[in-house]
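Okay, data.txt is below, compact mmCIF, C-alpha atoms:
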```txt
# COMPACT_ATOMS: atom_id res chain seq x y z
CA MET A 1 -46.52 75.34 89.72
CA SER A 2 -44.64 72.18 88.68
CA HIS A 3 -41.16 71.14 87.68
CA ALA A 4 -40.21 68.75 84.83
CA ARG A 5 -36.96 67.45 83.44
CA PHE A 6 -36.81 66.46 79.75
CA ALA A 7 -33.95 64.33 78.64
CA ARG A 8 -34.47 64.02 74.88
CA TYR A 9 -37.30 65.86 73.19
CA GLY A 10 -37.89 69.57 72.53
CA VAL A 11 -36.73 72.44 70.33
CA ASN A 12 -35.33 75.76 71.65
CA LYS A 13 -37.08 78.86 70.34
CA GLY A 14 -34.66 81.44 71.87
CA ASP A 15 -30.94 82.18 71.84
CA GLU A 16 -30.58 83.70 75.30
CA GLU A 17 -30.26 80.49 77.26
CA ALA A 18 -27.71 77.70 76.80
CA ASP A 19 -28.46 74.03 77.26
CA TRP A 20 -26.43 73.72 80.41
CA LYS A 21 -28.39 76.53 82.05
CA VAL A 22 -31.77 74.90 81.73
CA PRO A 23 -31.51 71.45 83.26
CA VAL A 24 -34.94 71.93 84.85
CA VAL A 25 -37.94 73.67 83.33
CA THR A 26 -40.51 75.36 85.50
CA VAL A 27 -44.04 75.29 84.07
CA ALA A 28 -46.29 77.80 85.74
CA GLN A 29 -49.50 76.79 84.09
CA PRO A 30 -50.71 74.91 81.03
CA THR A 31 -50.52 76.77 77.74
CA PHE A 32 -53.71 77.14 75.71
CA LEU A 33 -54.38 78.28 72.19
CA GLU A 34 -56.90 80.98 71.84
CA GLY A 35 -60.31 79.46 71.58
CA ASN A 36 -58.99 75.97 72.30
CA ARG A 37 -59.29 74.80 75.87
CA GLU A 38 -57.38 71.58 75.37
CA ALA A 39 -54.07 71.48 77.21
CA LEU A 40 -50.88 71.33 75.17
CA ILE A 41 -47.88 69.24 75.96
CA ALA A 42 -45.12 70.99 77.83
CA VAL A 43 -41.93 71.61 75.90
CA VAL A 44 -38.33 72.34 76.93
CA PRO A 45 -36.51 75.37 75.55
CA MET A 46 -33.18 74.25 74.16
CA SER A 47 -30.31 75.78 72.28
CA GLN A 48 -30.20 75.42 68.54
CA THR A 49 -26.82 73.78 68.88
CA ALA A 50 -27.89 71.40 71.64
CA HIS A 51 -26.71 67.82 71.22
CA ILE A 52 -29.46 65.24 71.16
CA PRO A 53 -28.24 61.69 71.89
CA SER A 54 -29.09 59.02 69.36
CA HIS A 55 -32.37 57.28 70.14
CA ARG A 56 -32.98 55.36 66.97
CA LYS A 57 -36.03 53.13 67.28
CA PRO A 58 -36.72 49.87 65.50
CA ARG A 59 -37.76 50.28 61.89
CA ARG A 60 -41.41 50.20 61.17
CA SER A 61 -43.06 48.71 58.17
CA ALA A 62 -44.02 50.91 55.24
CA SER A 63 -47.72 50.59 56.02
CA LYS A 64 -47.23 51.71 59.61
CA LEU A 65 -45.10 54.68 58.57
CA ALA A 66 -47.66 55.74 55.97
CA LEU A 67 -50.50 55.53 58.52
CA ARG A 68 -48.52 57.47 61.10
CA ALA A 69 -47.62 60.15 58.57
CA GLY A 70 -51.30 60.47 57.67
CA VAL A 71 -52.35 60.81 61.30
CA ALA A 72 -49.63 63.38 61.97
CA GLY A 73 -50.62 65.34 58.90
CA GLY A 74 -54.24 65.35 60.04
CA VAL A 75 -53.34 66.63 63.50
CA LEU A 76 -51.13 69.40 62.09
CA SER A 77 -53.87 70.42 59.71
CA THR A 78 -56.33 70.62 62.60
CA ILE A 79 -53.95 72.83 64.56
CA ALA A 80 -53.36 75.08 61.57
CA VAL A 81 -57.09 75.52 60.98
CA ALA A 82 -57.68 76.26 64.64
CA GLY A 83 -54.95 78.89 64.64
CA ALA A 84 -56.25 80.57 61.51
CA ALA A 85 -59.74 80.72 62.99
CA GLY A 86 -58.58 82.68 66.09
CA PRO A 87 -58.47 86.50 66.49
CA ALA A 88 -55.98 88.44 64.45
CA ASN A 89 -54.35 89.82 67.56
CA ALA A 90 -53.90 86.40 69.18
CA GLU A 91 -50.58 85.75 70.65
CA PRO A 92 -48.48 83.55 68.34
CA VAL A 93 -47.55 80.10 69.58
CA THR A 94 -43.89 79.76 70.20
CA GLU A 95 -43.83 76.31 71.78
CA THR A 96 -43.07 73.06 69.93
CA ILE A 97 -45.39 70.16 70.61
CA GLU A 98 -44.68 66.48 70.48
CA MET A 99 -47.12 64.32 68.50
CA PRO A 100 -48.80 61.42 70.28
CA THR A 101 -47.73 57.88 69.44
CA LEU A 102 -49.95 55.46 67.61
CA GLY A 103 -50.11 53.01 70.49
CA SER A 104 -52.68 50.27 70.04
CA LEU A 105 -53.68 51.66 66.64
CA GLY A 106 -50.36 50.50 65.16
CA THR A 107 -50.83 47.06 66.69
CA ASP A 108 -54.31 46.76 65.22
CA LEU A 109 -53.03 47.90 61.85
CA ALA A 110 -50.21 45.35 61.95
CA SER A 111 -52.71 42.63 62.78
CA ALA A 112 -54.93 43.74 59.92
CA VAL A 113 -52.01 43.78 57.49
CA ALA A 114 -50.88 40.33 58.67
CA ALA A 115 -54.43 38.99 58.27
CA SER A 116 -54.65 40.51 54.82
CA ALA A 117 -51.32 38.95 53.83
CA GLU A 118 -52.43 35.59 55.17
CA ALA A 119 -55.70 35.84 53.26
CA SER A 120 -53.81 36.73 50.09
CA GLU A 121 -51.47 33.80 50.58
CA GLN A 122 -54.41 31.46 51.17
CA GLU A 123 -56.11 32.79 48.03
CA ALA A 124 -52.95 32.22 46.01
CA LEU A 125 -52.69 28.69 47.42
CA ASP A 126 -56.33 27.98 46.56
CA GLN A 127 -55.79 29.23 43.02
CA SER A 128 -52.67 27.09 42.67
CA LEU A 129 -54.53 24.00 43.90
CA ALA A 130 -57.40 24.75 41.54
CA ALA A 131 -54.98 25.08 38.63
CA GLN A 132 -53.28 21.80 39.54
CA GLU A 133 -56.65 20.05 39.81
CA ALA A 134 -57.72 21.41 36.42
CA ALA A 135 -54.42 20.27 34.87
CA ALA A 136 -54.83 16.81 36.44
CA LEU A 137 -58.37 16.53 35.09
CA GLU A 138 -57.22 17.57 31.65
CA GLN A 139 -54.36 15.04 31.72
CA ALA A 140 -56.73 12.29 32.88
CA ALA A 141 -59.13 13.14 30.06
CA LYS A 142 -56.31 12.96 27.52
CA GLU A 143 -55.12 9.59 28.89
CA ALA A 144 -58.67 8.22 28.88
CA LYS A 145 -59.13 9.34 25.28
CA LYS A 146 -55.83 7.75 24.31
CA ALA A 147 -56.73 4.49 26.10
CA LYS A 148 -60.10 4.42 24.34
CA ALA A 149 -58.48 4.92 20.96
CA GLU A 150 -55.96 2.14 21.70
CA ALA A 151 -58.74 -0.23 22.79
CA GLU A 152 -60.70 0.52 19.61
CA ARG A 153 -57.60 -0.07 17.52
CA LYS A 154 -56.96 -3.44 19.20
CA ALA A 155 -60.59 -4.46 18.79
CA GLU A 156 -60.45 -3.56 15.11
CA ALA A 157 -57.23 -5.55 14.69
CA GLU A 158 -58.80 -8.55 16.43
CA ARG A 159 -61.86 -8.35 14.20
CA ALA A 160 -59.66 -8.17 11.11
CA GLU A 161 -57.59 -11.15 12.30
CA LYS A 162 -60.73 -13.15 13.01
CA ALA A 163 -62.14 -12.35 9.58
CA ARG A 164 -58.83 -13.36 7.97
CA LYS A 165 -58.78 -16.70 9.80
CA GLU A 166 -62.38 -17.38 8.87
CA ALA A 167 -61.61 -16.62 5.24
CA GLU A 168 -58.59 -18.91 5.32
CA ALA A 169 -60.61 -21.70 6.94
CA LYS A 170 -63.33 -21.31 4.34
CA ALA A 171 -60.80 -21.37 1.51
CA GLU A 172 -59.14 -24.47 2.99
CA ALA A 173 -62.48 -26.22 3.29
CA GLU A 174 -63.33 -25.39 -0.30
CA ARG A 175 -59.92 -26.60 -1.45
CA ALA A 176 -60.31 -29.86 0.48
CA ALA A 177 -63.78 -30.36 -0.97
CA ALA A 178 -62.48 -29.72 -4.47
CA GLU A 179 -59.66 -32.21 -3.94
CA ALA A 180 -62.10 -34.78 -2.62
CA ARG A 181 -64.34 -34.33 -5.65
CA ALA A 182 -61.38 -34.61 -8.00
CA GLU A 183 -60.14 -37.72 -6.24
CA ALA A 184 -63.61 -39.26 -6.39
CA ARG A 185 -63.79 -38.61 -10.12
CA ALA A 186 -60.30 -40.05 -10.61
CA ARG A 187 -61.15 -43.12 -8.55
CA ALA A 188 -64.33 -43.68 -10.53
CA SER A 189 -62.36 -43.33 -13.74
CA ARG A 190 -59.74 -45.83 -12.50
CA ASP A 191 -62.41 -48.33 -11.52
CA ALA A 192 -64.08 -48.07 -14.93
CA ALA A 193 -60.78 -48.42 -16.75
CA ARG A 194 -59.80 -51.32 -14.53
CA THR A 195 -63.04 -53.12 -15.29
CA GLN A 196 -62.65 -52.65 -19.02
CA LEU A 197 -59.00 -53.67 -18.95
CA ALA A 198 -59.81 -56.75 -16.92
CA ALA A 199 -62.36 -57.83 -19.48
CA THR A 200 -60.00 -57.40 -22.43
CA SER A 201 -57.03 -58.95 -20.68
CA ALA A 202 -59.05 -61.98 -19.61
CA SER A 203 -59.87 -62.85 -23.20
CA ALA A 204 -56.30 -62.21 -24.31
CA SER A 205 -54.72 -64.29 -21.58
CA SER A 206 -56.99 -67.26 -22.06
CA SER A 207 -55.35 -68.06 -25.41
CA ASP A 208 -51.81 -68.24 -24.09
CA SER A 209 -52.48 -69.45 -20.60
CA ASP A 210 -52.30 -73.09 -21.62
CA SER A 211 -48.91 -72.75 -23.25
CA SER A 212 -47.30 -70.74 -20.50
CA SER A 213 -49.01 -72.15 -17.45
CA SER A 214 -46.59 -74.97 -16.93
CA GLY A 215 -43.45 -72.86 -17.30
CA SER A 216 -44.70 -69.87 -15.37
CA SER A 217 -46.03 -71.87 -12.49
CA ALA A 218 -42.69 -73.55 -12.13
CA SER A 219 -40.83 -70.25 -12.15
CA GLU A 220 -43.29 -68.58 -9.77
CA SER A 221 -42.98 -71.39 -7.28
CA THR A 222 -39.23 -71.08 -7.19
CA GLN A 223 -39.00 -67.21 -6.97
CA VAL A 224 -37.39 -65.97 -3.73
CA ALA A 225 -36.69 -62.28 -3.02
CA SER A 226 -33.19 -61.32 -1.94
CA GLY A 227 -31.21 -58.18 -1.13
CA SER A 228 -33.04 -54.88 -1.72
CA ALA A 229 -35.99 -56.72 -3.26
CA ALA A 230 -36.42 -58.69 -0.03
CA ALA A 231 -36.64 -55.44 1.99
CA ILE A 232 -39.21 -54.01 -0.43
CA VAL A 233 -41.35 -57.17 -0.41
CA ALA A 234 -41.16 -57.53 3.37
CA PHE A 235 -42.29 -53.94 3.92
CA ALA A 236 -45.18 -54.25 1.43
CA LYS A 237 -46.45 -57.48 3.01
CA ALA A 238 -46.24 -55.91 6.47
CA GLN A 239 -48.78 -53.26 5.43
CA VAL A 240 -51.46 -55.76 4.39
CA GLY A 241 -54.68 -54.91 6.25
CA ASP A 242 -54.00 -51.14 6.47
CA ALA A 243 -56.67 -48.74 5.26
CA TYR A 244 -56.83 -47.15 1.85
CA VAL A 245 -56.97 -43.33 1.99
CA SER A 246 -56.57 -41.14 -1.05
CA GLY A 247 -53.27 -39.28 -0.68
CA GLY A 248 -52.22 -41.52 2.23
CA THR A 249 -48.50 -42.03 2.84
CA GLY A 250 -48.65 -44.10 6.05
CA PRO A 251 -47.95 -45.30 8.51
CA ASN A 252 -51.43 -46.86 8.87
CA SER A 253 -53.21 -45.69 5.71
CA TRP A 254 -52.04 -45.60 2.11
CA ASP A 255 -52.93 -45.04 -1.47
CA CYS A 256 -51.35 -47.16 -4.24
CA SER A 257 -48.42 -44.88 -5.13
CA GLY A 258 -47.82 -43.92 -1.47
CA LEU A 259 -47.32 -47.59 -0.56
CA VAL A 260 -44.95 -48.23 -3.49
CA GLN A 261 -42.92 -45.12 -2.68
CA ALA A 262 -42.59 -46.09 1.01
CA ALA A 263 -41.59 -49.70 0.11
CA TYR A 264 -38.80 -48.62 -2.22
CA ARG A 265 -37.55 -46.17 0.39
CA GLN A 266 -36.60 -49.23 2.47
CA ALA A 267 -34.05 -50.03 -0.26
CA GLY A 268 -32.75 -46.47 -0.32
CA ILE A 269 -34.56 -45.60 -3.56
CA ASP A 270 -36.61 -42.40 -3.73
CA LEU A 271 -39.45 -42.74 -6.23
CA PRO A 272 -41.84 -40.03 -7.44
CA ARG A 273 -45.13 -39.66 -5.60
CA ILE A 274 -47.56 -40.14 -8.55
CA SER A 275 -48.37 -43.56 -10.07
CA TYR A 276 -47.78 -42.66 -13.73
CA SER A 277 -44.38 -41.16 -12.79
CA GLN A 278 -43.40 -44.37 -11.01
CA SER A 279 -44.44 -46.60 -13.95
CA SER A 280 -42.40 -44.41 -16.30
CA MET A 281 -39.15 -45.24 -14.49
CA GLY A 282 -36.89 -48.28 -14.84
CA THR A 283 -37.05 -50.91 -17.59
CA SER A 284 -40.22 -52.46 -18.96
CA VAL A 285 -40.54 -56.23 -18.39
CA SER A 286 -43.14 -58.78 -19.49
CA LEU A 287 -45.59 -60.31 -17.06
CA SER A 288 -44.09 -63.74 -17.82
CA ASN A 289 -40.65 -62.62 -16.61
CA LEU A 290 -41.51 -60.93 -13.29
CA GLN A 291 -39.20 -60.82 -10.27
CA PRO A 292 -40.04 -59.88 -6.65
CA GLY A 293 -39.86 -56.13 -6.22
CA ASP A 294 -41.01 -55.26 -9.76
CA ILE A 295 -43.63 -52.51 -10.05
CA LEU A 296 -46.91 -53.50 -11.67
CA TYR A 297 -49.07 -50.90 -13.33
CA TRP A 298 -52.59 -50.67 -14.76
CA GLY A 299 -53.24 -48.49 -17.78
CA SER A 300 -50.55 -47.21 -20.11
CA ARG A 301 -46.99 -47.00 -18.86
CA SER A 302 -46.81 -43.21 -19.03
CA GLY A 303 -50.43 -42.76 -17.94
CA SER A 304 -51.04 -45.49 -15.40
CA TYR A 305 -53.83 -45.01 -12.87
CA HIS A 306 -52.79 -47.75 -10.41
CA VAL A 307 -49.55 -49.42 -9.25
CA ALA A 308 -48.60 -52.33 -6.96
CA ILE A 309 -45.55 -54.43 -5.96
CA TYR A 310 -44.94 -57.95 -7.23
CA VAL A 311 -43.98 -60.15 -4.23
CA GLY A 312 -43.38 -63.47 -6.04
CA GLY A 313 -45.42 -66.61 -6.33
CA GLY A 314 -47.73 -65.01 -8.87
CA LYS A 315 -48.97 -62.48 -6.27
CA TYR A 316 -48.74 -58.74 -5.66
CA VAL A 317 -49.44 -56.36 -2.75
CA GLY A 318 -51.25 -53.10 -3.40
CA ALA A 319 -53.50 -50.49 -1.84
CA GLN A 320 -56.54 -51.21 -3.99
CA ASN A 321 -59.52 -49.07 -2.85
CA PRO A 322 -61.35 -47.88 0.30
CA SER A 323 -63.44 -51.05 0.48
CA THR A 324 -60.52 -53.53 0.45
CA GLY A 325 -57.59 -51.45 1.79
CA VAL A 326 -54.08 -52.94 1.38
CA VAL A 327 -54.37 -56.55 0.14
CA GLU A 328 -52.28 -59.37 -1.30
CA ARG A 329 -53.83 -60.74 -4.48
CA SER A 330 -53.10 -63.14 -7.31
CA LEU A 331 -52.24 -61.73 -10.70
CA ASP A 332 -55.37 -63.42 -12.04
CA TRP A 333 -57.59 -61.52 -9.61
CA ASP A 334 -56.85 -58.23 -11.43
CA ARG A 335 -54.44 -58.72 -14.31
CA PRO A 336 -51.96 -55.76 -14.55
CA SER A 337 -51.25 -54.01 -17.85
CA GLY A 338 -47.50 -54.23 -17.49
CA ALA A 339 -44.45 -54.08 -15.22
CA VAL A 340 -41.21 -52.14 -14.79
CA ARG A 341 -38.03 -53.14 -13.03
CA ILE A 342 -36.16 -50.53 -10.95
CA LEU A 343 -33.63 -52.74 -9.16
```
Spit out the file's structure as structure tokens when you get a sec.
Amino acid sequence: MSHARFARYGVNKGDEEADWKVPVVTVAQPTFLEGNREALIAVVPMSQTAHIPSHRKPRRSASKLALRAGVAGGVLSTIAVAGAAGPANAEPVTETIEMPTLGSLGTDLASAVAASAEASEQEALDQSLAAQEAAALEQAAKEAKKAKAEAERKAEAERAEKARKEAEAKAEAERAAAEARAEARARASRDAARTQLAATSASASSSDSDSSSSGSSASESTQVASGSAAAIVAFAKAQVGDAYVSGGTGPNSWDCSGLVQAAYRQAGIDLPRISYSQSSMGTSVSLSNLQPGDILYWGSRSGSYHVAIYVGGGKYVGAQNPSTGVVERSLDWDRPSGAVRIL
């Protein structure tokens, strides 16, 4: 026989005893179900109105509660089946039993749930990293494609620019060649006309040279340039020895009209660039009445092919041709067709 005091658990199955009368319960022997030799847990008879102090335990997680409910349900089902399988005249069980606690099973379940949650979190993290890596690869592919397209566009633009420059250079070379051919033809035409004119003028001048030689020589010997004419003559003489270049305007190479234009610029006079335009200006004067600074021309006045500057003393300075360059010559060396006076 043993004695036990129960402070909290138990349910009273009778009304004849009050709570204060049963502070100690005497258990004579273990109680057994019929056909079941396992010992049951001792219970304490209590009044239906007995006050049970609050013994609220810490809350358990939903998974633990569900597992515990399942275990409790299984145990109760086992007891019910065992009772139904006993004899019909078996004594009914009037005691209330207390279910065993989960113990280490709850701890293992909590560990399993925590491991499962950690594995799920790791899986979600892996999926997130994989998604970020895929997005980065896709972005890199797009940027590479864009960079390739930009490089191809720049290469195409460079090829187009190179082709344009080559075309321009070719066109410029063809234009320069055409100008050179035209200038060569014009020079050949001037030389032929000059030769013919020299032949005709020589025969014409021989008849009147005797009559005018004395007077002209006297006037030529006494001619002295002054004022603007002096500046023009001085500039023209200073260029003697420079090269002749078709289209040349100085400072070290000239053609005939370029030299005349530059000389008159010293006097503040701006002449046209072409020889026949220069000979069309001013007033026509005879070769027997020349003054320093007058413009001499060969050919017709409105269609001259060569010009020079009279410097006095029966001489002129002109850019003749590539073989001679800028020279000072006597009027008799290459008799001009006429003269104009600008000053």
Next item on the list: Find the spatial neighbours of range 286-293 of chain A, counting all atoms listed in the file, within a cut-off of 6 Å - ignore same-chain residues fewer than 5 positions away - and output them as a list in words.
Entry: Ala225, Ala229, Ile309, Tyr310, Val311 and Gly312 of chain A
If I wrap all listed atoms of range 292-297 of chain A in a box with edges along x, y and z and add 6 Å on each side, what are its centre and edge lengths in Å to one decimal, as JSON?
```
{"center_x": -44.5, "center_y": -55.4, "center_z": -9.8, "size_x": 21.2, "size_y": 21.0, "size_z": 19.1}
```
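Shell of range 299-307 of chain A at 6 Å, with only C-alpha atoms counted and residues fewer than 5 places along the chain excluded, is Arg190, Cys256, Tyr276, Ser279, Ser280 and Ser337 of chain A.
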Could you add N, CA and C atoms to range 128-164 of chain A and give me the result as a tab-separated table (two decimals), keeping the file's coordinate frame?
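Written file, part.tsv:
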```tsv
chain	number	residue	atom	x	y	z
A	128	SER	N	-53.66	28.06	43.14
A	128	SER	CA	-52.67	27.09	42.67
A	128	SER	C	-53.22	25.67	42.70
A	129	LEU	N	-53.92	25.33	43.81
A	129	LEU	CA	-54.53	24.00	43.90
A	129	LEU	C	-55.59	23.79	42.83
A	130	ALA	N	-56.38	24.86	42.58
A	130	ALA	CA	-57.40	24.75	41.54
A	130	ALA	C	-56.77	24.54	40.16
A	131	ALA	N	-55.66	25.25	39.91
A	131	ALA	CA	-54.98	25.08	38.63
A	131	ALA	C	-54.41	23.68	38.48
A	132	GLN	N	-53.81	23.17	39.58
A	132	GLN	CA	-53.28	21.80	39.54
A	132	GLN	C	-54.39	20.76	39.33
A	133	GLU	N	-55.54	20.98	39.99
A	133	GLU	CA	-56.65	20.05	39.81
A	133	GLU	C	-57.16	20.08	38.38
A	134	ALA	N	-57.27	21.30	37.81
A	134	ALA	CA	-57.72	21.41	36.42
A	134	ALA	C	-56.74	20.72	35.47
A	135	ALA	N	-55.43	20.92	35.72
A	135	ALA	CA	-54.42	20.27	34.87
A	135	ALA	C	-54.50	18.75	35.00
A	136	ALA	N	-54.72	18.25	36.25
A	136	ALA	CA	-54.83	16.81	36.44
A	136	ALA	C	-56.05	16.25	35.72
A	137	LEU	N	-57.16	16.97	35.79
A	137	LEU	CA	-58.37	16.53	35.09
A	137	LEU	C	-58.15	16.51	33.58
A	138	GLU	N	-57.48	17.52	33.09
A	138	GLU	CA	-57.22	17.57	31.65
A	138	GLU	C	-56.30	16.42	31.22
A	139	GLN	N	-55.26	16.14	32.03
A	139	GLN	CA	-54.36	15.04	31.72
A	139	GLN	C	-55.09	13.70	31.77
A	140	ALA	N	-55.95	13.53	32.78
A	140	ALA	CA	-56.73	12.29	32.88
A	140	ALA	C	-57.65	12.12	31.69
A	141	ALA	N	-58.25	13.23	31.23
A	141	ALA	CA	-59.13	13.14	30.06
A	141	ALA	C	-58.34	12.75	28.82
A	142	LYS	N	-57.14	13.31	28.67
A	142	LYS	CA	-56.31	12.96	27.52
A	142	LYS	C	-55.92	11.47	27.57
A	143	GLU	N	-55.50	10.99	28.77
A	143	GLU	CA	-55.12	9.59	28.89
A	143	GLU	C	-56.30	8.65	28.63
A	144	ALA	N	-57.49	9.05	29.13
A	144	ALA	CA	-58.67	8.22	28.88
A	144	ALA	C	-59.00	8.17	27.39
A	145	LYS	N	-58.88	9.30	26.72
A	145	LYS	CA	-59.13	9.34	25.28
A	145	LYS	C	-58.13	8.48	24.53
A	146	LYS	N	-56.86	8.56	24.95
A	146	LYS	CA	-55.83	7.75	24.31
A	146	LYS	C	-56.07	6.27	24.54
A	147	ALA	N	-56.45	5.89	25.80
A	147	ALA	CA	-56.73	4.49	26.10
A	147	ALA	C	-57.93	3.98	25.30
A	148	LYS	N	-58.93	4.82	25.13
A	148	LYS	CA	-60.10	4.42	24.34
A	148	LYS	C	-59.72	4.18	22.89
A	149	ALA	N	-58.91	5.09	22.34
A	149	ALA	CA	-58.48	4.92	20.96
A	149	ALA	C	-57.65	3.65	20.79
A	150	GLU	N	-56.78	3.36	21.77
A	150	GLU	CA	-55.96	2.14	21.70
A	150	GLU	C	-56.83	0.89	21.78
A	151	ALA	N	-57.84	0.92	22.67
A	151	ALA	CA	-58.74	-0.23	22.79
A	151	ALA	C	-59.53	-0.44	21.49
A	152	GLU	N	-59.98	0.64	20.88
A	152	GLU	CA	-60.70	0.52	19.61
A	152	GLU	C	-59.79	-0.02	18.52
A	153	ARG	N	-58.53	0.42	18.53
A	153	ARG	CA	-57.60	-0.07	17.52
A	153	ARG	C	-57.36	-1.58	17.69
A	154	LYS	N	-57.17	-2.02	18.96
A	154	LYS	CA	-56.96	-3.44	19.20
A	154	LYS	C	-58.18	-4.26	18.82
A	155	ALA	N	-59.38	-3.73	19.15
A	155	ALA	CA	-60.59	-4.46	18.79
A	155	ALA	C	-60.73	-4.58	17.28
A	156	GLU	N	-60.39	-3.51	16.56
A	156	GLU	CA	-60.45	-3.56	15.11
A	156	GLU	C	-59.45	-4.56	14.55
A	157	ALA	N	-58.24	-4.59	15.14
A	157	ALA	CA	-57.23	-5.55	14.69
A	157	ALA	C	-57.68	-6.98	14.96
A	158	GLU	N	-58.31	-7.21	16.12
A	158	GLU	CA	-58.80	-8.55	16.43
A	158	GLU	C	-59.91	-8.97	15.47
A	159	ARG	N	-60.81	-8.02	15.15
A	159	ARG	CA	-61.86	-8.35	14.20
A	159	ARG	C	-61.28	-8.69	12.83
A	160	ALA	N	-60.28	-7.90	12.41
A	160	ALA	CA	-59.66	-8.17	11.11
A	160	ALA	C	-58.96	-9.53	11.11
A	161	GLU	N	-58.27	-9.86	12.21
A	161	GLU	CA	-57.59	-11.15	12.30
A	161	GLU	C	-58.60	-12.30	12.28
A	162	LYS	N	-59.71	-12.12	13.00
A	162	LYS	CA	-60.73	-13.15	13.01
A	162	LYS	C	-61.32	-13.36	11.63
A	163	ALA	N	-61.60	-12.24	10.93
A	163	ALA	CA	-62.14	-12.35	9.58
A	163	ALA	C	-61.15	-13.04	8.65
A	164	ARG	N	-59.84	-12.73	8.82
A	164	ARG	CA	-58.83	-13.36	7.97
A	164	ARG	C	-58.79	-14.87	8.22
```
